[in-house]
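Engineer: For reference, the file entry-v3.cif (mmCIF, C-alpha atoms) is included below:
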```
data_target
loop_
_atom_site.label_atom_id
_atom_site.label_comp_id
_atom_site.auth_asym_id
_atom_site.auth_seq_id
_atom_site.Cartn_x
_atom_site.Cartn_y
_atom_site.Cartn_z
CA GLN Z 142 3.32 -13.00 -27.29
CA VAL Z 143 2.67 -15.31 -24.38
CA GLN Z 144 -0.21 -17.74 -24.59
CA LEU Z 145 -1.98 -18.49 -21.34
CA VAL Z 146 -4.33 -21.45 -21.06
CA GLU Z 147 -6.62 -21.87 -18.09
CA SER Z 148 -7.96 -25.21 -16.99
CA GLY Z 149 -10.17 -26.42 -14.20
CA VAL Z 150 -13.59 -25.64 -15.57
CA GLY Z 151 -16.03 -26.66 -12.96
CA SER Z 152 -19.32 -26.52 -11.25
CA VAL Z 153 -19.53 -26.92 -7.53
CA GLN Z 154 -22.02 -26.46 -4.74
CA ALA Z 155 -21.65 -23.65 -2.27
CA GLY Z 156 -19.02 -24.45 0.30
CA GLY Z 157 -17.03 -26.57 -2.13
CA SER Z 158 -13.56 -26.08 -3.59
CA LEU Z 159 -12.00 -25.80 -7.02
CA ARG Z 160 -8.49 -25.26 -8.28
CA LEU Z 161 -7.81 -23.41 -11.49
CA SER Z 162 -4.54 -23.70 -13.34
CA CYS Z 163 -3.04 -21.42 -15.94
CA ALA Z 164 -0.14 -22.64 -18.04
CA ALA Z 165 2.08 -20.26 -20.00
CA SER Z 166 3.49 -21.15 -23.40
CA VAL Z 167 6.89 -19.71 -22.55
CA ASN Z 168 9.11 -19.45 -19.53
CA LEU Z 169 7.92 -16.43 -17.62
CA GLY Z 170 10.84 -16.60 -15.25
CA ASN Z 171 10.46 -14.93 -11.91
CA HIS Z 172 9.99 -11.35 -13.04
CA ARG Z 173 6.38 -11.11 -14.14
CA TYR Z 174 3.33 -10.66 -12.00
CA LEU Z 175 0.57 -13.20 -12.62
CA GLY Z 176 -2.99 -12.31 -11.80
CA TRP Z 177 -6.42 -13.84 -11.71
CA PHE Z 178 -9.45 -11.83 -12.72
CA ARG Z 179 -13.12 -12.63 -13.04
CA GLN Z 180 -16.18 -11.26 -14.72
CA ALA Z 181 -19.73 -12.16 -13.84
CA PRO Z 182 -22.61 -11.47 -16.23
CA GLY Z 183 -23.56 -7.83 -16.15
CA LYS Z 184 -20.63 -6.89 -13.95
CA GLU Z 185 -17.24 -5.35 -14.53
CA CYS Z 186 -14.12 -7.45 -14.56
CA GLU Z 187 -12.44 -7.46 -11.16
CA GLY Z 188 -9.08 -8.54 -9.88
CA VAL Z 189 -9.26 -11.57 -7.61
CA GLY Z 190 -5.67 -12.24 -6.67
CA ALA Z 191 -2.16 -11.67 -7.91
CA ILE Z 192 1.32 -12.94 -7.20
CA SER Z 193 4.67 -11.35 -7.82
CA GLY Z 194 7.35 -12.95 -9.93
CA ALA Z 195 9.20 -14.34 -6.95
CA GLY Z 196 6.08 -15.88 -5.48
CA ALA Z 197 5.59 -13.33 -2.75
CA PRO Z 198 3.91 -11.12 -1.94
CA THR Z 199 0.40 -12.05 -2.95
CA VAL Z 200 -2.58 -9.75 -2.87
CA TYR Z 201 -6.29 -10.51 -2.84
CA ALA Z 202 -9.59 -8.78 -3.27
CA ASP Z 203 -11.46 -8.34 0.00
CA SER Z 204 -14.28 -10.49 -1.32
CA VAL Z 205 -12.05 -13.57 -1.55
CA LYS Z 206 -9.46 -12.96 1.15
CA GLY Z 207 -9.10 -15.99 3.38
CA ARG Z 208 -10.84 -18.24 0.86
CA PHE Z 209 -8.70 -18.02 -2.30
CA THR Z 210 -4.99 -18.63 -2.65
CA VAL Z 211 -2.78 -17.78 -5.60
CA SER Z 212 0.43 -19.71 -6.09
CA ARG Z 213 2.88 -20.28 -8.89
CA ASP Z 214 5.35 -22.89 -10.03
CA ASN Z 215 7.92 -21.11 -12.16
CA ALA Z 216 9.51 -24.41 -13.18
CA LYS Z 217 6.20 -25.42 -14.76
CA ASN Z 218 5.31 -21.92 -15.98
CA THR Z 219 1.99 -22.32 -14.20
CA VAL Z 220 -0.07 -20.23 -11.82
CA TYR Z 221 -2.83 -21.63 -9.68
CA LEU Z 222 -5.94 -20.31 -8.01
CA GLN Z 223 -7.17 -22.45 -5.15
CA MET Z 224 -10.73 -21.53 -4.27
CA ASN Z 225 -12.27 -22.76 -1.04
CA ASP Z 226 -15.62 -22.15 0.61
CA LEU Z 227 -17.06 -21.08 -2.71
CA LYS Z 228 -20.18 -18.95 -2.78
CA PRO Z 229 -22.78 -18.43 -5.51
CA GLU Z 230 -21.45 -14.89 -5.95
CA ASP Z 231 -18.12 -16.38 -7.03
CA THR Z 232 -19.80 -17.57 -10.22
CA ALA Z 233 -17.99 -15.91 -13.12
CA MET Z 234 -15.62 -16.37 -16.02
CA TYR Z 235 -12.12 -16.48 -14.60
CA TYR Z 236 -9.07 -15.24 -16.47
CA CYS Z 237 -5.38 -15.39 -15.79
CA ALA Z 238 -3.05 -12.69 -16.99
CA ALA Z 239 0.66 -11.93 -17.06
CA GLY Z 240 2.11 -8.54 -16.34
CA PRO Z 241 5.04 -6.87 -18.06
CA GLY Z 242 8.48 -8.23 -17.41
CA GLY Z 243 10.61 -6.69 -14.71
CA THR Z 244 7.94 -4.23 -13.62
CA TYR Z 245 6.77 -3.65 -10.08
CA LEU Z 246 3.00 -3.34 -9.91
CA SER Z 247 1.81 -0.98 -7.21
CA ARG Z 248 -1.79 -2.08 -7.80
CA PRO Z 249 -1.57 -5.67 -9.03
CA LEU Z 250 -5.35 -6.16 -9.01
CA ASP Z 251 -5.82 -3.48 -11.66
CA MET Z 252 -6.28 -4.87 -15.15
CA SER Z 253 -4.42 -2.23 -17.08
CA PRO Z 254 -0.79 -3.32 -16.54
CA TYR Z 255 -1.45 -6.87 -17.70
CA ASN Z 256 -0.70 -7.44 -21.36
CA ASP Z 257 -1.18 -11.16 -21.86
CA TRP Z 258 -4.50 -12.83 -21.10
CA GLY Z 259 -5.93 -16.33 -21.17
CA GLN Z 260 -9.20 -17.21 -22.84
CA GLY Z 261 -11.05 -17.68 -19.57
CA THR Z 262 -12.68 -20.59 -17.81
CA GLN Z 263 -16.16 -20.73 -16.33
CA VAL Z 264 -16.75 -21.33 -12.65
CA THR Z 265 -20.31 -21.94 -11.50
CA VAL Z 266 -21.27 -22.21 -7.85
CA SER Z 267 -24.76 -23.39 -7.07
CA SER Z 268 -26.57 -22.73 -3.83
#
```
If you convert what's in this file into structure tokens, what do you get?
Structural biologist:
Amino acid sequence: QVQLVESGVGSVQAGGSLRLSCAASVNLGNHRYLGWFRQAPGKECEGVGAISGAGAPTVYADSVKGRFTVSRDNAKNTVYLQMNDLKPEDTAMYYCAAGPGGTYLSRPLDMSPYNDWGQGTQVTVSS
């Protein structure tokens, strides 16, 4: 089983930026989708952004499109979530997840295909 460890816990004021990192314990190669998800108190978990094994394409939730960027460094077994122009509604626990190997995901922001998850990291945006 793959262990995923997020880092980049942070608090920031609205309009600020944060970058989250997620390091995998094994070489994921270039054949597994990596996704970022978030869950705010009292709300369902939602997909934020995802990236294919090769690094493209990427897909984003409408709520973060143009503000968040997902990237990956396969040599470092790490995926990143760059978050700009943060808003209070971005406050949530953020999780990274790895999809199954060698599988195309038609809906990469859905949680169900992902079988390895990190422990989560809190992001708080104050107004």
Engineer: Quick one: which residues end up in the PyMOL selection byres ((chain Z and resi 229) around 7) for this structure, as a list of chain:residue names?
Structural biologist: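 When the PyMOL selection byres ((chain Z and resi 229) around 7) is applied to the shown file, the picked residues are Z:Ala155, Z:Leu227, Z:Lys228, Z:Glu230, Z:Asp231, Z:Thr232, Z:Val266, Z:Ser267, Z:Ser268.
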Engineer: Run the PyMOL selection byres ((chain Z and resi 248) around 12) mentally over the shown coordinates, then write out the matched residues as a ChimeraX atom specification, using the chain letters and numbers from the document.
Structural biologist: /Z:174,176,188,190-193,199-202,240,244-247,249-255
Engineer: My list of candidates is Z:Ser162, Z:Gln263, Z:Asn171, Z:Ser148. Which is closest to Z:Ala216 when distances are computed with all atoms listed in the file?
Structural biologist: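 That would be Z:Asn171, the residue with the smallest distance to Z:Ala216.
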Engineer: Just want the 9 Å neighbourhood of Z:Cys163, counted on all atoms listed in the file, with same-chain residues fewer than 4 positions away dropped. Output as a PDB file with C-alpha atoms, in the coordinates of the input.
Structural biologist:
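Written output follows (part_38.pdb):
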```pdb
ATOM      1  CA  LEU Z 145      -1.980 -18.490 -21.340  1.00  0.00           C
ATOM      2  CA  VAL Z 146      -4.330 -21.450 -21.060  1.00  0.00           C
ATOM      3  CA  GLU Z 147      -6.620 -21.870 -18.090  1.00  0.00           C
ATOM      4  CA  SER Z 148      -7.960 -25.210 -16.990  1.00  0.00           C
ATOM      5  CA  GLY Z 149     -10.170 -26.420 -14.200  1.00  0.00           C
ATOM      6  CA  ASN Z 218       5.310 -21.920 -15.980  1.00  0.00           C
ATOM      7  CA  THR Z 219       1.990 -22.320 -14.200  1.00  0.00           C
ATOM      8  CA  VAL Z 220      -0.070 -20.230 -11.820  1.00  0.00           C
ATOM      9  CA  TYR Z 221      -2.830 -21.630  -9.680  1.00  0.00           C
ATOM     10  CA  LEU Z 222      -5.940 -20.310  -8.010  1.00  0.00           C
ATOM     11  CA  TYR Z 236      -9.070 -15.240 -16.470  1.00  0.00           C
ATOM     12  CA  CYS Z 237      -5.380 -15.390 -15.790  1.00  0.00           C
ATOM     13  CA  ALA Z 238      -3.050 -12.690 -16.990  1.00  0.00           C
ATOM     14  CA  GLY Z 259      -5.930 -16.330 -21.170  1.00  0.00           C
TER      15      GLY Z 259
END
```
Engineer: I need the output of the PyMOL selection byres ((chain Z and resi 151) around 10) for this file as a list in words; which residues are they?
Structural biologist: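 The output of the PyMOL selection byres ((chain Z and resi 151) around 10) on this file is Ser148, Gly149, Val150, Ser152, Val153, Ser158, Leu159, Arg160, Leu161, Thr262, Gln263, Val264, Thr265 and Val266 of chain Z.
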Engineer: For Z:Gln142, which of Z:Gln154, Z:Asn256, Z:Asn225, Z:Ser212 is the closest residue, counting all atoms listed in the file?
Structural biologist: Z:Asn256
